[in-house]
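Visitor: This is the structure I want to talk about, given as structure tokens.
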Amino acid sequence: MRPNIKRVEVQGFRSFGSGRQSVDLSDTVSAFWGGNSQGKTSLAEAFEFLLTGQIIRRDMQGSSKDEFSDALRNAHLASTALVQVAADIACADGITRKLTRTLVGDYNKSTTACTSKLEIDGKPAAEPDLQSVLGIKLSQRPLQAPVLAQHTLGYVFSTPPNDRATYFRAVLDTQDLEDFRQAVASLSPLLSTPELEGLRNLAAVEGITSDLPSAALIRRSETLESASTALGDTVSELLASISVTPEGPLANRANQLEQSLEVIQSKTFPLALFGRKADVAWVDLPPNAKDVIQQFETEKSAIELEARRLVGLYSAALSLPEVASQEGDADCPLCLTPHAFTEARRDALKTELQKAETYQLAEANLRSLLGSIDHALELLSTNVVAALPKLVSAGPSERRSAGFTTARLVELSGNRSLVEAWTRALLKLCRVAYALLRVVRSAKAMVQSLLDDIEKWQGAEPLSALLREARRLCAALQEEAAEYAGPTQAVYEPIKKVVDQSTITTGWSALIDCCTNPRSLVADLDTARRLEARRKDLEKALKEIDAANGKVQDEKLSDLSSQVVEWWERLRPEESTYFEGVQRRSPTARRTIDLRVALSPNEDRTEAKPRNAVAVLSQSQLHCLGLALFLARAVKEGSTFLVLDDPVLSSDDDFRPNFNSSVIEALIAQGIQVIILTQDHKSWKDIGHRWSHRGAVQLQILRSDPRIGSELRSASDTLATMLGKAQPLIRSQEPDQRKEGAMMLRQAIERFSKELIVRDRVSRGDSNASITDYDGKDFGTYSAQAHSLLSKDPADPGKLTAAYANVTSGPHDDVPPSLAQLVHASGDIRKLKKDYLP
């Protein structure tokens with residue numbers, strides 16, 4: 001058993017009002033009839049909303065999303081009114097479950113989608129539950145629901161090529177192949193050669209205008225040796241071109257070129273004065289510095305100052321031979337006092353001497369630490385000076401004589417604001433650098449003072465404070481250097497370009513940079529080669545993937561084409577213009593799918609010429625092709641039910657019978673439940689009669705009052721059918737159509753009166769009462785009886801009389817009733833029907 005819809009319920013959605021509308025559906029064919037603007041498309045979109053939570057028309061029509069703001073709730077309902085679509089689904093396990101979707105948030109002026117709540121048997125559900133619980137499988141986006149409407153039927157013909165290809169990948173279930181292809185293709189950006197300095201410099205070298213044959217060899221170098229040779233030869237050729245004799249190894253020749261470049265460019269502008277060394281880096285103290293200081297301070301506190309001063313004398317006294325070997329009291333060897341050098345004094349001197357030796361070791365360690373600090377401070381001072389641009393150390397006089405002035409900078413750069421920004425950055429850089437140098441000098445002076453006289457040591461804090469400040473300023477200098485780089489580059493680049501062009505030295509500095517670090521250049525070249533090889537491998541892989549994907553797609557397109565041809569032949573059999581197939585535009589095409597037809601001048605379809613369907617088919621033919629594509633997709637994807645909104649054009653009389661017979665027959669044979677919505681009354685009747693033996697049901701969609709909304713009715717409600725059929729005619733501006741509408745309204749009024757009388761007779765026990773009792777009788781013979789039964793409102797009998805009078809002139813007089821008369825009569829009879837024949 002395949003899932004199908006047993007019953008549908010709609011409330012507040014689109015043209016449906018606050019009253020809940022519901023009808024039972026056939027397992028085979030359910031045909032809804034309704035005139036224009038009665039709610040057929042709203043019902044089709046109700047099925048779509050129930051299954052997907054959206055309506056695809058918002059994405060396929062409308063120049064902007066906000067045009068569909070508040071489009072799902074009936075415009076005549078309050079914003080708090082319930083908007084809900086529900087259906088009883090007979091599932092494969094034999095259980096009927098209720099699927100309900102309730103609108104939570106309508107479309108608004110933003111691009112966000114509407115929000116809704118999905119439930120199965122009153123419990124929250126999600127889209128995957130449609131298949132896992134109910135057995136309903138949706139298609140891929142954008143056309144997910146098995147609902148065909150006018151705006152979706154032509155989607156394949158009007159959509160851009162990429163979207164058409166995506167649509168067919170979904171139909172053919174090959175999207176995973178395209179996803180894999182895209183995943184592989186997405187690796188390409190990862191294999192792009194990064195912005196490597198060596199390659200950037202090499203590109204500049206290759207742009208040098210001088211005749212440098214060896215320059216072409218640099219890029220082909222694969223080893224450091226070959227690169228160095230090519231660079232050296234290139235530099236030699238460039239030096240020779242300016243009459244400079246190359247000397248020594250690569251580094252020497254690069255230095256020659258740098259000096260020559262500086263001389264040449266200085267005649268135009270001294271670019272070298274912008275030069276500065278690498279940024280300053282702080283050198284941390286030795287890791288044992290804290291232990292060394294602590295040991296020194298401990299040992300210093302353990303021995304008195306006088307003892308530290310006399311330690312040499314004590315050592316000399318104890319080293320005397322007579323003292324070292326003597327026992328007992330003796331004369332002092334220093335002051336010659338008799339018997340003063342006792343055993344106890346000798347032991348005391350030995351103790352003091354031992355303490356002094358430990359102190360001396362600690363002092364030596366501290367002096368070594370201070371020496372390291374002094375060296376680090378000296379290195380820091382040198383680096384700070386080197387980190388400043390050369391123009392700072394050059395001094396004002398030298399800068400002016402070299403032509404390095406603000407006016408010249410503005411002239412060459414062409415932008416005063418850039419020069420001013422660079423000047424501000426330079427001043428900030430110098431300010432921090434000078435502050436750092438002052439702290440370094442203070443720290444060095446303190447270290448030198450301690451090295452001269454270690455007794456001046458009063459603890460580590462004074463020196464530590466200076467070192468902390470130096471470290472802080474060092475970090476600040478690094479920050480300012482980073483800030484300085486941007487404005488400098490902004491000024492330097494345009495000036496360098498002018499100088500390079502005027503001195504014909506473009507690319508020279510890049511060549512010098514390559515010579516400075518050839519190892520880095522070789523590494524960059526190797527990186528570029530490896531990435532290029534991988535890119536070629538990737539391109540080859542993509543071509544192989546495209547070929548394989550194309551083969552799979554062609555096979556599946558061929559299978560789909562066969563199915564579409566079958567449906568086309570059911571709709572338009574034996575035509576000389578016929579559908580040929582869906583195919584890729586070329587063997588290498590990935591994103592272009594064509595719909596091909598054949599045009600034959602002969603009935604036997606010989607001598608046919610292939611053409612693109614979009615270009616040559618009529619609107620009727622395109623309509624049939626869109627329907628054939630939809631049906632082929634539905635069958636292929638295993639859809640268990642279809643909702644078709646006006647599947648055949650109302651003007652297409654030649655092919656409507658084919659749909660009503662051959663197409664529906666094939667769908668029923670596939671076990672597909674067919675739900676048809678049509679404005680063509682003949683088709684509706686034909687489908688009902690033709691398939692009644694298969695349980696087909698006829699239903700109606702009526703909308704007499706916008707505030708009440710569209711109503712769903714069974715075909716057994718003949719009076720409602722008569723009123724519904726009259727609606728488009730009585731509102732016509734064409735007199736003959738209004739005449740026909742007036743006649744239909746008169747018949748409806750007569751039908752109302754007969755039903756009212758028969759219902760009264762039955763209620764009073766006349767079981768044989770029937771409408772046929774009044775066939776052939778004039779309205780005047782039973783109108784009085786009908787009037788007597790209109791007792792709910794004293795005005796009701798008059799309404800019936802007036803309505804009949806307004807429409808009776810229609811079929812008899814030359815002048816038809818006015819539109820207002822007919823609309824008023826229709827409204828009155830609908831109101832009477834609602835009150836007396838609910």
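Residues in the structure tokens are named by chain (A, B, ... in the order shown) and by number from 1 within that chain; ligands are numbered from 1 in the order shown.
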So which residues touch Asn365 in chain A within 12 Å, counting only C-alpha atoms, skipping near sequence neighbours fewer than 2 positions away, as a ChimeraX atom specification?
Guide: /A:286,288-297,299,358-363,367-372,451,454
Visitor: Could you pull out all residues of range 516-692 of chain A with a DSSP call of strand (DSSP E or B) and give them as an NGL selection string?
Guide: :A and (577-584 or 593-599 or 609-612 or 641-645 or 673-678)
Visitor: Record the distance separating CA of Val283 in chain A and CA of Leu379 in chain A, expressed in Å with one decimal.
Guide: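 Going from CA of Val283 in chain A over to CA of Leu379 in chain A covers 9.0 Å.
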Visitor: Skipping near chain neighbours, those fewer than 2 positions away, what residues fall within 10 Å of Leu99 in chain A using only C-alpha atoms, listed as a PDB file with C-alpha atoms, in the first residue's frame?
Guide:
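Generated file (selection-v1.pdb):
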ATOM      1  CA  ILE A   5      -4.332  11.614   1.055  1.00  0.00           C
ATOM      2  CA  VAL A   8      -7.703  17.665   3.239  1.00  0.00           C
ATOM      3  CA  LEU A  50       1.549  21.525   4.072  1.00  0.00           C
ATOM      4  CA  LEU A  51       4.495  19.531   2.722  1.00  0.00           C
ATOM      5  CA  VAL A  85      -3.568  23.119   6.482  1.00  0.00           C
ATOM      6  CA  ALA A  86      -4.081  19.483   7.463  1.00  0.00           C
ATOM      7  CA  ALA A  87      -4.475  16.144   5.742  1.00  0.00           C
ATOM      8  CA  ASP A  88      -5.323  12.604   6.761  1.00  0.00           C
ATOM      9  CA  ILE A  89      -2.585  10.398   5.291  1.00  0.00           C
ATOM     10  CA  THR A  96      -4.095   6.819   8.936  1.00  0.00           C
ATOM     11  CA  ARG A  97      -2.155   9.713  10.449  1.00  0.00           C
ATOM     12  CA  ARG A 101       1.074  22.556   9.450  1.00  0.00           C
ATOM     13  CA  LEU A 118       4.595  20.841  11.621  1.00  0.00           C
ATOM     14  CA  GLU A 119       2.776  18.104  13.540  1.00  0.00           C
ATOM     15  CA  ILE A 120       1.931  14.457  13.000  1.00  0.00           C
ATOM     16  CA  ASP A 121      -0.999  13.273  15.103  1.00  0.00           C
ATOM     17  CA  GLY A 122      -0.623  16.374  17.255  1.00  0.00           C
ATOM     18  CA  LYS A 123       3.056  15.814  18.035  1.00  0.00           C
ATOM     19  CA  ALA A 125       7.523  16.809  13.612  1.00  0.00           C
ATOM     20  CA  LEU A 130       7.404  13.060   6.188  1.00  0.00           C
ATOM     21  CA  LEU A 134       4.388   8.915   6.514  1.00  0.00           C
TER      22      LEU A 134
END
Visitor: Based on DSSP run over this structure's backbone, return all residues of range 751-792 of chain A in alpha helix (DSSP H), as a ChimeraX atom specification.
Guide: /A:751-763,783-788
